[in-house]
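Asks: One structure is given below, represented as structure tokens, and several questions about it will come after.
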Amino acid sequence: MSLLIPSECDFEDAHENPQTEILYREALEQLRQNNPHEFKWDFETVPGFFVQADEATDDLAFRYTDSQMGRKLEWNQISAKLAELNENAEPNVSYKLIICARHGQGFHNYIVDKYGVPAWNEKWRTLTTDGEVTYAPDPMLTDIGLKQAQENHMAWEKEVLQHSAPLPSKYYASPLQRSCWTHKITWDGLKPAEKKTVIVENLRETIGGNLCDKRSTRTEIEQRFGPHGFQCEPSFAEEDSLFSPRRETDVEHAVRINRFCQQLFADDWDVSTGVVDKAKAVEHSFISTTTHAGSIRLFIVVFGHRRFTISTGGMIPIVVKGTRL
């Protein structure tokens with residue numbers, strides 16, 4: 001039986017704050033007016049590749065591991081269509097398939113399940129242990145979380161070996177260890193050894209308030225994951241100076257996710273010619289990210305995708321059109 005089954009809590013988390021999209025667009029427009037040199041890329045979801053983008057898909061009942069990742073086409077068709085889109089795109093347009101994967105169950109998730117959301121919000125979110133389990137800061141995966149990551153590994157292994165799925169050309173992860181371990185297990189033996197997974201500050205879960213979302217130091221992260229092919233982005237600080245008692249808003253978090261996407265698409269931009277480098281766009285059209293429920297919810301907002309429930313350990317593929325304004 002699959003362990004990648006979303007709960008009602010996952011559904012509520014995915015669909016909460018229905019005004020976020022409107023508030024985010026308003027905030028983004030204001031940021032662009034204040035600094036025209038920032039946020040040069042705009043993003044939208046491209047339908048027709050995966051059923052997760054269809055409004056008719058029941059996101060609580062859908063099981064991507066039983067549905068070939070939700071793809072509507074064979075992988076060779078997906079790759080060919082992405083290449084065709086990039087090759088024939090306007091000079092300021094690029095297309096990417098971005099895998100948005102959520103970490104497996106961490107000990108903080110176990111505590112939420114054990115005591116319930118109201119008790120978590122009232123008491124447990126600011127503590128480190130309930131006397132039996134240590135769940136903060138930066139908690140590890142539970143046994144269930146490890147098995148969820150292994151289930152994802154088997155799903156991707158099947159797609160690669162039996163259905164000729166391509167492998168991502170770039171890999172990214174949140175600095176929180178639950179995401180890094182999930183990423184490592186998911187792609188173990190599939191990701192080429194020479195490919196590094198880049199740990200990016202902007203991919204972390206909603207910052208502040210919940211002690212489980214405070215990250216480890218850079219030294220600890222590099223010692224823990226460097227041997228597994230991870231590296232921190234150059235600007236990554238030693239200490240977690242971003243964490244505070246104040247919890248980040250959804251709009252602030254969405255802007256942070258947007259900043260990651262800006263850099264991702266800007267990597268294909270040829271500054272000297274002022275156009276997208278089509279060879280780079282084709283080469284880097286498949287991207288892997290492993291993050292969190294909140295981060296994925298806001299990837300969805302940034303991309304204009306329909307809301308979609310993601311279980312612990314779950315993932316969603318999104319084909320994105322980036323347009324440089």
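Ligands are numbered from 1 in the order shown, chains are lettered A, B, ... in the order of the structure tokens, and residues start at 1 in each chain.
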Any chance you could tabulate, as JSON lines, the residues of region 17-134 of chain A at most 10 Å from region 252-259 of chain A with each one's nearest atom pair and distance in Å to one decimal, using only C-alpha atoms, in chain and rising number order?

Replies:
{"residue": "A:Thr20", "atom": "CA", "partner": "A:Ala254", "partner_atom": "CA", "distance": 9.0}
{"residue": "A:Glu21", "atom": "CA", "partner": "A:Ala254", "partner_atom": "CA", "distance": 9.2}
{"residue": "A:Tyr24", "atom": "CA", "partner": "A:Ala254", "partner_atom": "CA", "distance": 7.0}
{"residue": "A:Arg25", "atom": "CA", "partner": "A:Val255", "partner_atom": "CA", "distance": 9.6}
{"residue": "A:Ala27", "atom": "CA", "partner": "A:Val255", "partner_atom": "CA", "distance": 8.3}
{"residue": "A:Leu28", "atom": "CA", "partner": "A:Val255", "partner_atom": "CA", "distance": 7.2}
{"residue": "A:Leu31", "atom": "CA", "partner": "A:Val255", "partner_atom": "CA", "distance": 9.4}
{"residue": "A:Glu38", "atom": "CA", "partner": "A:Arg259", "partner_atom": "CA", "distance": 8.9}
{"residue": "A:Phe39", "atom": "CA", "partner": "A:Arg259", "partner_atom": "CA", "distance": 7.3}
{"residue": "A:Trp41", "atom": "CA", "partner": "A:Asn258", "partner_atom": "CA", "distance": 9.0}
{"residue": "A:Asp42", "atom": "CA", "partner": "A:Asn258", "partner_atom": "CA", "distance": 9.1}
{"residue": "A:Phe43", "atom": "CA", "partner": "A:Asn258", "partner_atom": "CA", "distance": 9.0}

Asks: Write down as JSON, numbers by chain the residues of region 118-263 of chain A whose backbone DSSP state falls under strand (DSSP E or B).

Replies: {"A": [129, 134, 141, 170, 171, 172, 173, 197, 198, 199, 230, 231, 232]}

Asks: Where in region 85-257 of chain A does DSSP assign helix (DSSP H, G or I), given as a PyMOL selection string?

Replies: chain A and resi 85-88+107-115+117-122+124-126+143-163+177-187+201-203+211-213+218-228+250-257

Asks: Quick one: residues within 7 Å of Asp213 (chain A), only C-alpha atoms counted, chain neighbours fewer than 3 positions away excluded, as a PyMOL selection string?

Replies: chain A and resi 137-138+205+207-208+210

Asks: For each of A:Cys9, A:Leu176, A:Ala136, A:Leu85, take the minimum atom-to-atom distance to Gly116 (chain A), counting only C-alpha atoms, then give the residue where this is smallest.

Replies: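 With only C-alpha atoms as the atom set, the closest residue is A:Cys9.
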
Asks: Counting only C-alpha atoms, what is within 12 Å of Ala237 (chain A), bar same-chain residues fewer than 6 positions away, as number ranges by chain?

Replies: A: 175, 199-201, 215-222

Asks: Asn76 (chain A): which residues within 8 Å, counting only C-alpha atoms, same-chain residues fewer than 4 positions away excluded, as a list of chain:residue names?

Replies: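 Within the cut-off, the hits are A:Ala80, A:Ser164, A:Ala165.
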
Asks: Suppose we keep N, CA and C atoms; can you now write the selection as an mmCIF file, in the first residue's frame?

Replies:
data_model
loop_
_atom_site.group_PDB
_atom_site.id
_atom_site.type_symbol
_atom_site.label_atom_id
_atom_site.label_comp_id
_atom_site.auth_asym_id
_atom_site.auth_seq_id
_atom_site.Cartn_x
_atom_site.Cartn_y
_atom_site.Cartn_z
ATOM 1 N N ALA A 80 10.394 15.829 -26.472
ATOM 2 C CA ALA A 80 10.380 16.415 -27.812
ATOM 3 C C ALA A 80 9.539 17.686 -27.859
ATOM 4 N N SER A 164 11.587 5.240 -20.135
ATOM 5 C CA SER A 164 12.575 6.141 -20.765
ATOM 6 C C SER A 164 12.428 7.593 -20.344
ATOM 7 N N ALA A 165 12.084 7.805 -19.074
ATOM 8 C CA ALA A 165 12.023 9.183 -18.569
ATOM 9 C C ALA A 165 13.415 9.804 -18.604
#

Asks: What is the CA of Thr323 (chain A)-CA of Gln68 (chain A) distance in Å, reported with one decimal?

Replies: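 So the answer is 29.2 Å.
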
Asks: Which residue is closest to Leu242 (chain A)? Choose from A:Asn34, A:Phe225, A:Thr142, A:Thr206 and count only C-alpha atoms.

Replies: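 Selected residue with least distance to Leu242 (chain A): A:Thr206.
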
Asks: If we count only C-alpha atoms, what is near Glu157 (chain A) at a cut-off of 12 Å, once residues fewer than 3 positions away on the same chain are taken out, given as a PyMOL selection string?

Replies: chain A and resi 65+68-69+150-154+160-167+185-191

Asks: Write out, as a tab-separated table (two decimals), in the first residue's frame, the residues just selected, with N, CA and C atoms.

Replies:
chain	number	residue	atom	x	y	z
A	65	THR	N	1.70	7.90	-8.28
A	65	THR	CA	2.49	6.67	-8.40
A	65	THR	C	1.71	5.56	-9.10
A	68	GLN	N	1.49	6.90	-13.62
A	68	GLN	CA	2.65	7.27	-14.43
A	68	GLN	C	2.98	8.76	-14.29
A	69	MET	N	3.00	9.20	-13.03
A	69	MET	CA	3.32	10.58	-12.66
A	69	MET	C	2.26	11.58	-13.12
A	150	GLN	N	11.78	6.40	-0.33
A	150	GLN	CA	12.13	5.18	-1.06
A	150	GLN	C	11.05	4.82	-2.09
A	151	GLU	N	9.78	5.07	-1.73
A	151	GLU	CA	8.69	4.83	-2.67
A	151	GLU	C	8.81	5.75	-3.89
A	152	ASN	N	9.17	6.99	-3.64
A	152	ASN	CA	9.40	7.92	-4.75
A	152	ASN	C	10.57	7.47	-5.62
A	153	HIS	N	11.62	6.98	-4.96
A	153	HIS	CA	12.76	6.47	-5.71
A	153	HIS	C	12.33	5.35	-6.64
A	154	MET	N	11.55	4.43	-6.13
A	154	MET	CA	11.10	3.30	-6.95
A	154	MET	C	10.21	3.78	-8.10
A	160	VAL	N	12.20	5.85	-15.34
A	160	VAL	CA	13.45	5.95	-16.09
A	160	VAL	C	13.76	4.66	-16.84
A	161	LEU	N	13.67	3.52	-16.15
A	161	LEU	CA	14.10	2.25	-16.73
A	161	LEU	C	13.06	1.64	-17.66
A	162	GLN	N	11.78	1.80	-17.33
A	162	GLN	CA	10.73	1.16	-18.12
A	162	GLN	C	10.05	2.09	-19.13
A	163	HIS	N	10.10	3.40	-18.84
A	163	HIS	CA	9.37	4.33	-19.70
A	163	HIS	C	10.27	5.42	-20.29
A	164	SER	N	11.59	5.24	-20.14
A	164	SER	CA	12.57	6.14	-20.76
A	164	SER	C	12.43	7.59	-20.34
A	165	ALA	N	12.08	7.81	-19.07
A	165	ALA	CA	12.02	9.18	-18.57
A	165	ALA	C	13.42	9.80	-18.60
A	166	PRO	N	13.51	11.07	-19.00
A	166	PRO	CA	14.80	11.76	-18.92
A	166	PRO	C	15.11	12.08	-17.46
A	167	LEU	N	16.36	12.35	-17.19
A	167	LEU	CA	16.74	12.80	-15.85
A	167	LEU	C	16.86	14.32	-15.84
A	185	ILE	N	17.56	10.29	-1.22
A	185	ILE	CA	17.01	8.94	-1.37
A	185	ILE	C	16.25	8.81	-2.68
A	186	THR	N	15.49	9.83	-3.04
A	186	THR	CA	14.69	9.79	-4.27
A	186	THR	C	15.55	9.57	-5.50
A	187	TRP	N	16.66	10.29	-5.59
A	187	TRP	CA	17.49	10.25	-6.80
A	187	TRP	C	18.72	9.37	-6.67
A	188	ASP	N	18.85	8.66	-5.55
A	188	ASP	CA	20.02	7.82	-5.32
A	188	ASP	C	20.16	6.77	-6.42
A	189	GLY	N	21.32	6.74	-7.06
A	189	GLY	CA	21.55	5.77	-8.13
A	189	GLY	C	20.99	6.17	-9.47
A	190	LEU	N	20.24	7.26	-9.52
A	190	LEU	CA	19.66	7.76	-10.77
A	190	LEU	C	20.37	9.03	-11.23
A	191	LYS	N	20.58	9.94	-10.30
A	191	LYS	CA	21.26	11.21	-10.61
A	191	LYS	C	22.73	10.94	-10.92

Asks: Neighbouring residues of Thr291 (chain A) were defined as those with any atom within 8 Å, considering only C-alpha atoms; residues of the same chain fewer than 5 positions away were excluded. Please report them as a short mmCIF file (atom, residue, chain, number, x, y, z; two decimals) with C-alpha atoms, in the first residue's frame.

Replies:
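The result, stored in part.cif:
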data_model
loop_
_atom_site.label_atom_id
_atom_site.label_comp_id
_atom_site.auth_asym_id
_atom_site.auth_seq_id
_atom_site.Cartn_x
_atom_site.Cartn_y
_atom_site.Cartn_z
CA CYS A 100 8.10 20.18 -7.04
CA ALA A 101 8.70 17.44 -4.47
CA ARG A 102 7.77 17.60 -0.78
CA HIS A 103 9.91 16.01 1.92
CA ALA A 173 16.88 21.34 -2.41
CA SER A 174 15.82 23.27 0.66
CA SER A 179 14.17 17.83 2.29
CA LEU A 203 13.56 27.08 -1.10
CA ARG A 204 13.13 26.58 2.63
CA GLU A 205 9.77 26.32 4.38
CA ILE A 296 5.09 23.99 -3.15
#

Asks: Output as a Markdown table one row per residue of region 86-150 of chain A within 7 Å of region 265-285 of chain A: the closest atom pair and its distance in Å to one decimal place, counting only C-alpha atoms, sorted by chain and residue number ascending.

Replies:
| residue | atom | partner | partner_atom | distance |
| --- | --- | --- | --- | --- |
| A:Asn86 | CA | A:Val282 | CA | 6.1 |
| A:Glu87 | CA | A:Lys278 | CA | 6.1 |
| A:Pro91 | CA | A:Val275 | CA | 5.0 |
| A:Asn92 | CA | A:Val275 | CA | 5.7 |
| A:Val93 | CA | A:Val276 | CA | 6.8 |
| A:Ser94 | CA | A:Ala281 | CA | 6.2 |
| A:Tyr95 | CA | A:Ser285 | CA | 6.4 |
| A:Lys96 | CA | A:Ser285 | CA | 4.3 |
| A:Leu97 | CA | A:Ser285 | CA | 5.9 |

Asks: Please determine, counting only C-alpha atoms, which residue among A:Arg247, A:Arg32, A:Thr289, A:Tyr115 has the shortest atom-to-atom distance to Lys184 (chain A).

Replies: A:Thr289

Asks: Taking only C-alpha atoms into account, name the residue in A:Ala89, A:Ile111, A:Cys212, A:Val46 that is nearest to Pro317 (chain A).

Replies: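 Of the candidates, the smallest distance to Pro317 (chain A) is held by A:Val46.
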
Asks: Can you measure CA of Leu211 (chain A) to CA of Pro139 (chain A) for me? One decimal in Å is fine.

Replies: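 These two atoms are separated by 9.5 Å.
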